[in-house]
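**Q** Structure: target.pdb, PDB, C-alpha atoms and all ligand atoms.
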ATOM      1  CA  MET A  60     101.209  22.074 134.530  1.00  0.00           C
ATOM      2  CA  GLY A  61      99.626  25.321 135.596  1.00  0.00           C
ATOM      3  CA  LEU A  62      98.245  23.754 138.751  1.00  0.00           C
ATOM      4  CA  ILE A  63     101.670  22.894 140.112  1.00  0.00           C
ATOM      5  CA  THR A  64     102.942  25.493 142.555  1.00  0.00           C
ATOM      6  CA  LEU A  65     106.590  26.250 143.266  1.00  0.00           C
ATOM      7  CA  SER A  66     106.128  24.515 146.618  1.00  0.00           C
ATOM      8  CA  ASP A  67     104.905  21.406 144.767  1.00  0.00           C
ATOM      9  CA  HIS A  68     108.064  21.472 142.660  1.00  0.00           C
ATOM     10  CA  LEU A  69     110.195  21.755 145.783  1.00  0.00           C
ATOM     11  CA  HIS A  70     108.282  18.866 147.350  1.00  0.00           C
ATOM     12  CA  ASP A  71     108.794  16.761 144.261  1.00  0.00           C
ATOM     13  CA  ILE A  72     112.549  17.334 144.196  1.00  0.00           C
ATOM     14  CA  ALA A  73     112.932  16.689 147.922  1.00  0.00           C
ATOM     15  CA  GLU A  74     110.919  13.504 147.413  1.00  0.00           C
ATOM     16  CA  ASN A  75     113.553  12.387 144.894  1.00  0.00           C
ATOM     17  CA  SER A  76     116.105  12.560 147.721  1.00  0.00           C
ATOM     18  CA  VAL A  77     113.812  10.563 150.019  1.00  0.00           C
ATOM     19  CA  ASN A  78     113.200   7.917 147.341  1.00  0.00           C
ATOM     20  CA  ALA A  79     116.921   7.663 146.627  1.00  0.00           C
ATOM     21  CA  GLY A  80     117.549   6.768 150.285  1.00  0.00           C
ATOM     22  CA  ALA A  81     118.966  10.024 151.648  1.00  0.00           C
ATOM     23  CA  LYS A  82     119.800  10.238 155.336  1.00  0.00           C
ATOM     24  CA  ASN A  83     120.537  13.971 155.301  1.00  0.00           C
ATOM     25  CA  VAL A  84     118.791  16.540 153.148  1.00  0.00           C
ATOM     26  CA  ASN A  85     119.605  20.221 153.083  1.00  0.00           C
ATOM     27  CA  VAL A  86     116.874  22.481 151.716  1.00  0.00           C
ATOM     28  CA  VAL A  87     117.368  26.177 150.992  1.00  0.00           C
ATOM     29  CA  VAL A  88     114.553  28.425 149.766  1.00  0.00           C
ATOM     30  CA  LEU A  89     115.510  32.010 148.927  1.00  0.00           C
ATOM     31  CA  GLU A  90     112.932  34.474 147.736  1.00  0.00           C
ATOM     32  CA  ASN A  91     112.766  38.174 147.040  1.00  0.00           C
ATOM     33  CA  ALA A  92     110.401  40.443 145.124  1.00  0.00           C
ATOM     34  CA  GLU A  93     111.794  39.237 141.786  1.00  0.00           C
ATOM     35  CA  THR A  94     112.973  35.659 142.195  1.00  0.00           C
ATOM     36  CA  PHE A  95     112.259  32.355 143.865  1.00  0.00           C
ATOM     37  CA  PHE A  96     115.197  29.974 144.246  1.00  0.00           C
ATOM     38  CA  PHE A  97     115.453  26.579 145.886  1.00  0.00           C
ATOM     39  CA  SER A  98     118.219  24.078 146.415  1.00  0.00           C
ATOM     40  CA  VAL A  99     117.919  20.477 147.652  1.00  0.00           C
ATOM     41  CA  GLU A 100     121.144  18.682 148.548  1.00  0.00           C
ATOM     42  CA  ASP A 101     121.247  15.058 149.679  1.00  0.00           C
ATOM     43  CA  ASP A 102     123.640  12.250 150.560  1.00  0.00           C
ATOM     44  CA  ALA A 103     121.721   9.553 148.661  1.00  0.00           C
ATOM     45  CA  GLY A 104     124.645   8.276 146.600  1.00  0.00           C
ATOM     46  CA  GLY A 105     124.241  10.351 143.455  1.00  0.00           C
ATOM     47  CA  ILE A 106     122.901   9.571 139.997  1.00  0.00           C
ATOM     48  CA  ARG A 107     124.661   7.148 137.637  1.00  0.00           C
ATOM     49  CA  THR A 108     126.151   8.755 134.515  1.00  0.00           C
ATOM     50  CA  ASP A 109     123.938   6.799 132.112  1.00  0.00           C
ATOM     51  CA  MET A 110     120.896   7.952 134.080  1.00  0.00           C
ATOM     52  CA  LEU A 111     122.116  11.524 134.405  1.00  0.00           C
ATOM     53  CA  GLU A 112     121.940  12.029 130.639  1.00  0.00           C
ATOM     54  CA  LYS A 113     118.245  11.189 130.739  1.00  0.00           C
ATOM     55  CA  ILE A 114     116.875  12.758 133.912  1.00  0.00           C
ATOM     56  CA  PHE A 115     115.236  15.653 132.059  1.00  0.00           C
ATOM     57  CA  ASP A 116     113.536  13.318 129.569  1.00  0.00           C
ATOM     58  CA  PRO A 117     109.867  12.778 130.387  1.00  0.00           C
ATOM     59  CA  PHE A 118     108.928   9.368 131.849  1.00  0.00           C
ATOM     60  CA  VAL A 119     112.477   8.402 132.736  1.00  0.00           C
ATOM     61  CA  THR A 120     112.360   6.905 136.207  1.00  0.00           C
ATOM     62  CA  THR A 121     114.135   4.353 138.360  1.00  0.00           C
ATOM     63  CA  ARG A 122     111.153   4.224 140.676  1.00  0.00           C
ATOM     64  CA  LYS A 123     109.545   0.921 141.419  1.00  0.00           C
ATOM     65  CA  LYS A 124     106.233   0.342 139.698  1.00  0.00           C
ATOM     66  CA  GLU A 125     104.360   0.237 143.035  1.00  0.00           C
ATOM     67  CA  ILE A 126     105.293   3.832 143.763  1.00  0.00           C
ATOM     68  CA  ARG A 127     102.888   6.276 142.184  1.00  0.00           C
ATOM     69  CA  ARG A 128     103.944   8.754 139.488  1.00  0.00           C
ATOM     70  CA  VAL A 129     105.982   8.389 136.450  1.00  0.00           C
ATOM     71  CA  GLY A 130     109.227  10.276 136.038  1.00  0.00           C
ATOM     72  CA  LEU A 131     108.000  13.777 135.323  1.00  0.00           C
ATOM     73  CA  GLY A 132     109.389  15.647 138.339  1.00  0.00           C
ATOM     74  CA  LEU A 133     112.612  16.959 136.813  1.00  0.00           C
ATOM     75  CA  PRO A 134     111.263  17.537 133.258  1.00  0.00           C
ATOM     76  CA  PHE A 135     108.328  19.533 134.703  1.00  0.00           C
ATOM     77  CA  LEU A 136     110.625  21.514 136.962  1.00  0.00           C
ATOM     78  CA  LYS A 137     112.966  22.361 134.073  1.00  0.00           C
ATOM     79  CA  GLN A 138     110.117  23.383 131.814  1.00  0.00           C
ATOM     80  CA  ALA A 139     108.469  25.482 134.535  1.00  0.00           C
ATOM     81  CA  ALA A 140     111.672  27.259 135.605  1.00  0.00           C
ATOM     82  CA  GLU A 141     112.845  27.929 132.051  1.00  0.00           C
ATOM     83  CA  SER A 142     109.438  29.234 131.021  1.00  0.00           C
ATOM     84  CA  THR A 143     109.940  32.050 133.566  1.00  0.00           C
ATOM     85  CA  GLY A 144     113.440  32.824 132.262  1.00  0.00           C
ATOM     86  CA  GLY A 145     115.046  30.843 135.088  1.00  0.00           C
ATOM     87  CA  CYS A 146     116.971  27.573 135.084  1.00  0.00           C
ATOM     88  CA  VAL A 147     117.585  24.214 136.752  1.00  0.00           C
ATOM     89  CA  LYS A 148     120.949  22.733 137.681  1.00  0.00           C
ATOM     90  CA  VAL A 149     121.643  19.188 138.880  1.00  0.00           C
ATOM     91  CA  GLU A 150     125.069  18.390 140.296  1.00  0.00           C
ATOM     92  CA  THR A 151     125.766  14.850 141.383  1.00  0.00           C
ATOM     93  CA  LYS A 152     128.726  12.905 142.761  1.00  0.00           C
ATOM     94  CA  LEU A 153     128.449   9.166 142.473  1.00  0.00           C
ATOM     95  CA  GLY A 154     128.780   7.503 145.853  1.00  0.00           C
ATOM     96  CA  GLU A 155     128.023  10.790 147.557  1.00  0.00           C
ATOM     97  CA  GLY A 156     124.919  12.759 146.665  1.00  0.00           C
ATOM     98  CA  THR A 157     122.995  15.163 144.513  1.00  0.00           C
ATOM     99  CA  LYS A 158     122.259  18.873 144.585  1.00  0.00           C
ATOM    100  CA  THR A 159     119.328  20.155 142.560  1.00  0.00           C
ATOM    101  CA  GLU A 160     118.785  23.883 142.190  1.00  0.00           C
ATOM    102  CA  ALA A 161     115.995  25.826 140.511  1.00  0.00           C
ATOM    103  CA  LEU A 162     115.500  29.518 139.819  1.00  0.00           C
ATOM    104  CA  PHE A 163     112.206  31.133 138.841  1.00  0.00           C
ATOM    105  CA  TYR A 164     111.488  34.741 137.859  1.00  0.00           C
ATOM    106  CA  LYS A 165     108.270  35.589 139.664  1.00  0.00           C
ATOM    107  CA  LYS A 166     106.993  38.238 137.287  1.00  0.00           C
ATOM    108  CA  ASN A 167     106.734  35.610 134.579  1.00  0.00           C
ATOM    109  CA  ILE A 168     104.838  33.164 136.749  1.00  0.00           C
ATOM    110  CA  ASP A 169     101.228  33.640 135.799  1.00  0.00           C
ATOM    111  CA  CYS A 170      99.513  30.486 136.948  1.00  0.00           C
ATOM    112  CA  GLN A 171     102.141  29.061 139.310  1.00  0.00           C
ATOM    113  CA  PRO A 172     102.096  30.909 142.610  1.00  0.00           C
ATOM    114  CA  VAL A 173     104.568  30.040 145.341  1.00  0.00           C
ATOM    115  CA  GLY A 174     102.014  27.831 147.103  1.00  0.00           C
ATOM    116  CA  ASP A 175     102.067  26.603 150.679  1.00  0.00           C
ATOM    117  CA  ILE A 176     105.715  26.525 151.709  1.00  0.00           C
ATOM    118  CA  ALA A 177     104.953  25.854 155.399  1.00  0.00           C
ATOM    119  CA  GLN A 178     102.824  22.839 154.503  1.00  0.00           C
ATOM    120  CA  THR A 179     105.548  21.532 152.186  1.00  0.00           C
ATOM    121  CA  PHE A 180     108.178  21.806 154.937  1.00  0.00           C
ATOM    122  CA  LEU A 181     105.826  20.018 157.330  1.00  0.00           C
ATOM    123  CA  VAL A 182     105.287  17.105 154.943  1.00  0.00           C
ATOM    124  CA  LEU A 183     109.057  16.781 154.457  1.00  0.00           C
ATOM    125  CA  LEU A 184     109.740  16.851 158.202  1.00  0.00           C
ATOM    126  CA  LEU A 185     107.266  14.000 158.684  1.00  0.00           C
ATOM    127  CA  ASN A 186     109.545  11.644 156.737  1.00  0.00           C
ATOM    128  CA  GLU A 187     111.002   9.533 159.498  1.00  0.00           C
ATOM    129  CA  GLY A 188     114.648   8.563 159.521  1.00  0.00           C
ATOM    130  CA  ILE A 189     115.806  11.565 157.512  1.00  0.00           C
ATOM    131  CA  HIS A 190     117.688  14.466 158.970  1.00  0.00           C
ATOM    132  CA  TRP A 191     116.342  17.656 157.420  1.00  0.00           C
ATOM    133  CA  HIS A 192     117.976  21.034 157.525  1.00  0.00           C
ATOM    134  CA  ILE A 193     115.802  23.778 156.102  1.00  0.00           C
ATOM    135  CA  LYS A 194     116.750  27.399 155.553  1.00  0.00           C
ATOM    136  CA  ARG A 195     114.157  29.819 154.266  1.00  0.00           C
ATOM    137  CA  CYS A 196     114.738  33.510 153.492  1.00  0.00           C
ATOM    138  CA  PHE A 197     112.731  36.372 152.113  1.00  0.00           C
ATOM    139  CA  ASP A 198     115.263  39.065 151.278  1.00  0.00           C
ATOM    140  CA  PHE A 199     117.538  39.150 154.330  1.00  0.00           C
ATOM    141  CA  ASN A 200     114.950  37.776 156.742  1.00  0.00           C
ATOM    142  CA  CYS A 201     115.528  34.093 157.349  1.00  0.00           C
ATOM    143  CA  TYR A 202     114.547  31.206 159.554  1.00  0.00           C
ATOM    144  CA  GLU A 203     116.136  27.781 159.910  1.00  0.00           C
ATOM    145  CA  ILE A 204     114.725  24.540 161.205  1.00  0.00           C
ATOM    146  CA  ASP A 205     116.206  21.084 161.496  1.00  0.00           C
ATOM    147  CA  THR A 206     115.206  17.631 162.601  1.00  0.00           C
ATOM    148  CA  ASP A 207     117.600  17.576 165.593  1.00  0.00           C
ATOM    149  CA  THR A 208     116.267  20.809 167.061  1.00  0.00           C
ATOM    150  CA  ILE A 209     112.665  19.689 166.604  1.00  0.00           C
ATOM    151  CA  GLY A 210     113.554  16.354 168.219  1.00  0.00           C
ATOM    152  CA  LYS A 211     115.156  18.128 171.158  1.00  0.00           C
ATOM    153  CA  TYR A 212     112.231  20.436 171.902  1.00  0.00           C
ATOM    154  CA  ILE A 213     109.198  18.531 170.688  1.00  0.00           C
ATOM    155  CA  GLY A 214     110.362  14.931 170.318  1.00  0.00           C
ATOM    156  CA  LYS A 215     109.206  12.588 167.588  1.00  0.00           C
ATOM    157  CA  LEU A 216     106.393  13.974 165.430  1.00  0.00           C
ATOM    158  CA  ASP A 217     104.231  11.003 166.314  1.00  0.00           C
ATOM    159  CA  SER A 218     100.980  12.537 167.522  1.00  0.00           C
ATOM    160  CA  PRO A 219      98.392  14.873 165.985  1.00  0.00           C
ATOM    161  CA  GLY A 220      99.095  17.364 168.782  1.00  0.00           C
ATOM    162  CA  LYS A 221     102.808  17.566 168.000  1.00  0.00           C
ATOM    163  CA  ILE A 222     102.143  17.746 164.283  1.00  0.00           C
ATOM    164  CA  SER A 223      99.725  20.622 164.658  1.00  0.00           C
ATOM    165  CA  LEU A 224     102.206  22.364 166.964  1.00  0.00           C
ATOM    166  CA  ILE A 225     104.970  22.200 164.390  1.00  0.00           C
ATOM    167  CA  SER A 226     102.515  23.122 161.653  1.00  0.00           C
ATOM    168  CA  GLU A 227     101.484  26.278 163.537  1.00  0.00           C
ATOM    169  CA  MET A 228     105.121  27.102 164.213  1.00  0.00           C
ATOM    170  CA  LEU A 229     105.968  26.851 160.520  1.00  0.00           C
ATOM    171  CA  GLU A 230     102.952  29.011 159.570  1.00  0.00           C
ATOM    172  CA  GLU A 231     104.071  31.639 162.083  1.00  0.00           C
ATOM    173  CA  LEU A 232     107.644  31.603 160.819  1.00  0.00           C
ATOM    174  CA  GLU A 233     106.389  32.029 157.254  1.00  0.00           C
ATOM    175  CA  ASN A 234     104.027  34.828 158.246  1.00  0.00           C
ATOM    176  CA  SER A 235     106.767  36.626 160.145  1.00  0.00           C
ATOM    177  CA  LEU A 236     108.942  36.628 157.021  1.00  0.00           C
ATOM    178  CA  ILE A 237     106.181  38.144 154.934  1.00  0.00           C
ATOM    179  CA  ASP A 238     105.191  40.624 157.705  1.00  0.00           C
ATOM    180  CA  LYS A 239     108.793  41.825 158.001  1.00  0.00           C
ATOM    181  CA  GLU A 240     108.819  42.244 154.253  1.00  0.00           C
ATOM    182  CA  ASN A 241     105.773  44.509 154.427  1.00  0.00           C
ATOM    183  CA  GLU A 242     107.029  46.655 157.337  1.00  0.00           C
TER     184      GLU A 242
HETATM  185  N1  LIG B   1     118.376  13.192 144.422  1.00  0.00           N
HETATM  186  C1  LIG B   1     118.439  12.129 143.627  1.00  0.00           C
HETATM  187  N2  LIG B   1     119.233  11.065 143.927  1.00  0.00           N
HETATM  188  C2  LIG B   1     119.299   9.971 143.123  1.00  0.00           C
HETATM  189  N3  LIG B   1     118.615   9.857 141.955  1.00  0.00           N
HETATM  190  C3  LIG B   1     117.815  10.868 141.590  1.00  0.00           C
HETATM  191  C4  LIG B   1     117.686  12.060 142.387  1.00  0.00           C
HETATM  192  N4  LIG B   1     116.829  12.899 141.749  1.00  0.00           N
HETATM  193  C5  LIG B   1     116.442  12.273 140.620  1.00  0.00           C
HETATM  194  N5  LIG B   1     117.031  11.066 140.511  1.00  0.00           N
HETATM  195  C6  LIG B   1     116.861  10.097 139.398  1.00  0.00           C
HETATM  196  O1  LIG B   1     116.226  10.767 138.317  1.00  0.00           O
HETATM  197  C7  LIG B   1     115.027  10.069 137.957  1.00  0.00           C
HETATM  198  C8  LIG B   1     114.031  11.051 137.416  1.00  0.00           C
HETATM  199  O2  LIG B   1     113.588  11.924 138.443  1.00  0.00           O
HETATM  200  P1  LIG B   1     112.147  12.606 138.302  1.00  0.00           P
HETATM  201  O3  LIG B   1     111.903  13.435 139.518  1.00  0.00           O
HETATM  202  O4  LIG B   1     112.074  13.297 136.989  1.00  0.00           O
HETATM  203  O5  LIG B   1     111.162  11.365 138.222  1.00  0.00           O
HETATM  204  P2  LIG B   1     110.730  10.350 139.385  1.00  0.00           P
HETATM  205  O6  LIG B   1     111.130  10.882 140.720  1.00  0.00           O
HETATM  206  O7  LIG B   1     111.247   9.016 138.995  1.00  0.00           O
HETATM  207  O8  LIG B   1     109.137  10.353 139.265  1.00  0.00           O
HETATM  208  P3  LIG B   1     108.167  11.608 139.648  1.00  0.00           P
HETATM  209  O9  LIG B   1     109.035  12.779 140.014  1.00  0.00           O
HETATM  210  O10 LIG B   1     107.346  11.849 138.438  1.00  0.00           O
HETATM  211  O11 LIG B   1     107.376  11.148 140.801  1.00  0.00           O
HETATM  212  C9  LIG B   1     114.612   9.332 139.233  1.00  0.00           C
HETATM  213  O12 LIG B   1     113.807   8.200 138.959  1.00  0.00           O
HETATM  214  C10 LIG B   1     115.969   8.943 139.802  1.00  0.00           C
HETATM  215  O13 LIG B   1     116.485   7.788 139.155  1.00  0.00           O
HETATM  216 MG    MG B   2     110.686  12.957 141.205  1.00  0.00          MG
END
What's the structure tokens form of this structure?
**A**
Amino acid sequence: MGLITLSDHLHDIAENSVNAGAKNVNVVVLENAETFFFSVEDDAGGIRTDMLEKIFDPFVTTRKKEIRRVGLGLPFLKQAAESTGGCVKVETKLGEGTKTEALFYKKNIDCQPVGDIAQTFLVLLLNEGIHWHIKRCFDFNCYEIDTDTIGKYIGKLDSPGKISLISEMLEELENSLIDKENE
């Protein structure tokens, strides 16, 4: 557990949206000196009521056997967030989509640092066929990126050159948030 960063948790939850067939995913990551909060909202059709009762039980999964991993994403997230004094909330509308939110209190995170947020965003953006909208704030300093804007200025992320360009851009955006924080 201790090796999973907050970015890994975010990745895991966003991956749930991808696996559920989302076309649009809205990611919000809000951080300040005390807390780390993320929200992932998708249009993947929601979670059936019988499943919803069990999503926080370990090893409950509707994933196909061929896909790696085992149904621990949400139980791990809940355990990790609650162990810091935070919480997890899943809201779902059948036929529409799901919103998963998690709050962590940073002072109680001993072995789970925030991790590589820029890298996590990059990996998400590389999922083809999904429209991502990402908003990231540290205090009142924010940046936003979305698939349409990237498509307009860079095109499809289909070459190592374009991928490293977007990767550098994300690193810079992240660094500028932290720099502003330290001004
Ligand atoms: N956004 C979502 N839309 C639809 N179903 C979801 C969503 N998030 C979770 N679920 C359902 O909850 C189940 C449990 O999710 P969880 O993240 O705990 O495990 P998993 O994704 O199946 O496997 P793992 O996260 O370990 O790779 C999923 O298999 C899926 O059926
Ligand atoms: Mg999962």
**Q** Identify, counting all atoms listed in the file, the protein, DNA and RNA residues located within 7 Å of ligand MG 2 (chain B), and give them as an NGL selection string.
**A** :A and (71-72 or 74-75 or 130-133)
**Q** Using the chain letters and numbering of this document, enumerate as a list in words the residues selected by the PyMOL selection byres (((chain A and resi 143-150) around 6) and not hetatm).
**A**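 This file, filtered by the PyMOL selection byres (((chain A and resi 143-150) around 6) and not hetatm), leaves Lys137, Ala140, Glu141, Ser142, Thr151, Thr157, Lys158, Thr159, Glu160, Ala161, Leu162, Phe163, Tyr164 and Asn167 of chain A.
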**Q** Give me, as a compact mmCIF listing (two decimals) with C-alpha atoms, keeping the file's coordinate frame, the set of residues whose atoms come within 9 Å of any atom of ligand LIG 1 (chain B), counting all atoms listed in the file.
**A**
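For reference, out07.txt as written:
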# COMPACT_ATOMS: atom_id res chain seq x y z
CA ASP A 71 108.79 16.76 144.26
CA ILE A 72 112.55 17.33 144.20
CA ALA A 73 112.93 16.69 147.92
CA GLU A 74 110.92 13.50 147.41
CA ASN A 75 113.55 12.39 144.89
CA SER A 76 116.10 12.56 147.72
CA VAL A 77 113.81 10.56 150.02
CA ASN A 78 113.20 7.92 147.34
CA ALA A 79 116.92 7.66 146.63
CA GLY A 80 117.55 6.77 150.28
CA ALA A 81 118.97 10.02 151.65
CA VAL A 99 117.92 20.48 147.65
CA GLU A 100 121.14 18.68 148.55
CA ASP A 101 121.25 15.06 149.68
CA ASP A 102 123.64 12.25 150.56
CA ALA A 103 121.72 9.55 148.66
CA GLY A 104 124.64 8.28 146.60
CA GLY A 105 124.24 10.35 143.46
CA ILE A 106 122.90 9.57 140.00
CA ARG A 107 124.66 7.15 137.64
CA MET A 110 120.90 7.95 134.08
CA LEU A 111 122.12 11.52 134.40
CA LYS A 113 118.24 11.19 130.74
CA ILE A 114 116.88 12.76 133.91
CA PHE A 115 115.24 15.65 132.06
CA ASP A 116 113.54 13.32 129.57
CA PRO A 117 109.87 12.78 130.39
CA PHE A 118 108.93 9.37 131.85
CA VAL A 119 112.48 8.40 132.74
CA THR A 120 112.36 6.90 136.21
CA THR A 121 114.14 4.35 138.36
CA ARG A 122 111.15 4.22 140.68
CA LYS A 123 109.54 0.92 141.42
CA ILE A 126 105.29 3.83 143.76
CA ARG A 127 102.89 6.28 142.18
CA ARG A 128 103.94 8.75 139.49
CA VAL A 129 105.98 8.39 136.45
CA GLY A 130 109.23 10.28 136.04
CA LEU A 131 108.00 13.78 135.32
CA GLY A 132 109.39 15.65 138.34
CA LEU A 133 112.61 16.96 136.81
CA PRO A 134 111.26 17.54 133.26
CA PHE A 135 108.33 19.53 134.70
CA LEU A 136 110.62 21.51 136.96
CA VAL A 149 121.64 19.19 138.88
CA THR A 151 125.77 14.85 141.38
CA GLY A 156 124.92 12.76 146.66
CA THR A 157 123.00 15.16 144.51
CA LYS A 158 122.26 18.87 144.58
CA THR A 159 119.33 20.16 142.56
**Q** Determine the nearest neighbour of Asp109 in chain A from the options A:Leu153, A:Val84, A:Leu65, A:Ala92, counting all atoms listed in the file.
**A**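 The answer is A:Leu153, which sits nearest to Asp109 in chain A.
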**Q** Hey, could you pull the box centre and edge lengths for range 141-159 of chain A, axis-aligned, 5 Å padding per side, all listed atoms, to one decimal in Å, as AutoDock Vina command-line options?
**A**
--center_x 119.1 --center_y 20.2 --center_z 139.3 --size_x 29.3 --size_y 35.3 --size_z 26.5
**Q** Around (103.3, 23.1, 165.5) in the file's frame, which residues reach within 12 Å when counting all atoms listed in the file? Return as a list in words?
**A**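 Every polymer residue passing the test: Ala177, Gln178, Phe180, Leu181, Leu184, Ile209, Tyr212, Ile213, Gly214, Leu216, Ser218, Pro219, Gly220, Lys221, Ile222, Ser223, Leu224, Ile225, Ser226, Glu227, Met228, Leu229, Glu230, Glu231 and Leu232 of chain A.
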**Q** With distances taken over all atoms listed in the file, which residue among A:Asp198, A:Glu155, A:Asp67, A:Thr206 lies nearest Lys239 in chain A?
**A** A:Asp198
**Q** Can you spell out as a PyMOL selection string the set of residues that the PyMOL selection byres (((chain A and resi 66) around 7) and not hetatm) selects in the structure I just provided?
**A** chain A and resi 64-65+67-70+173-176+179
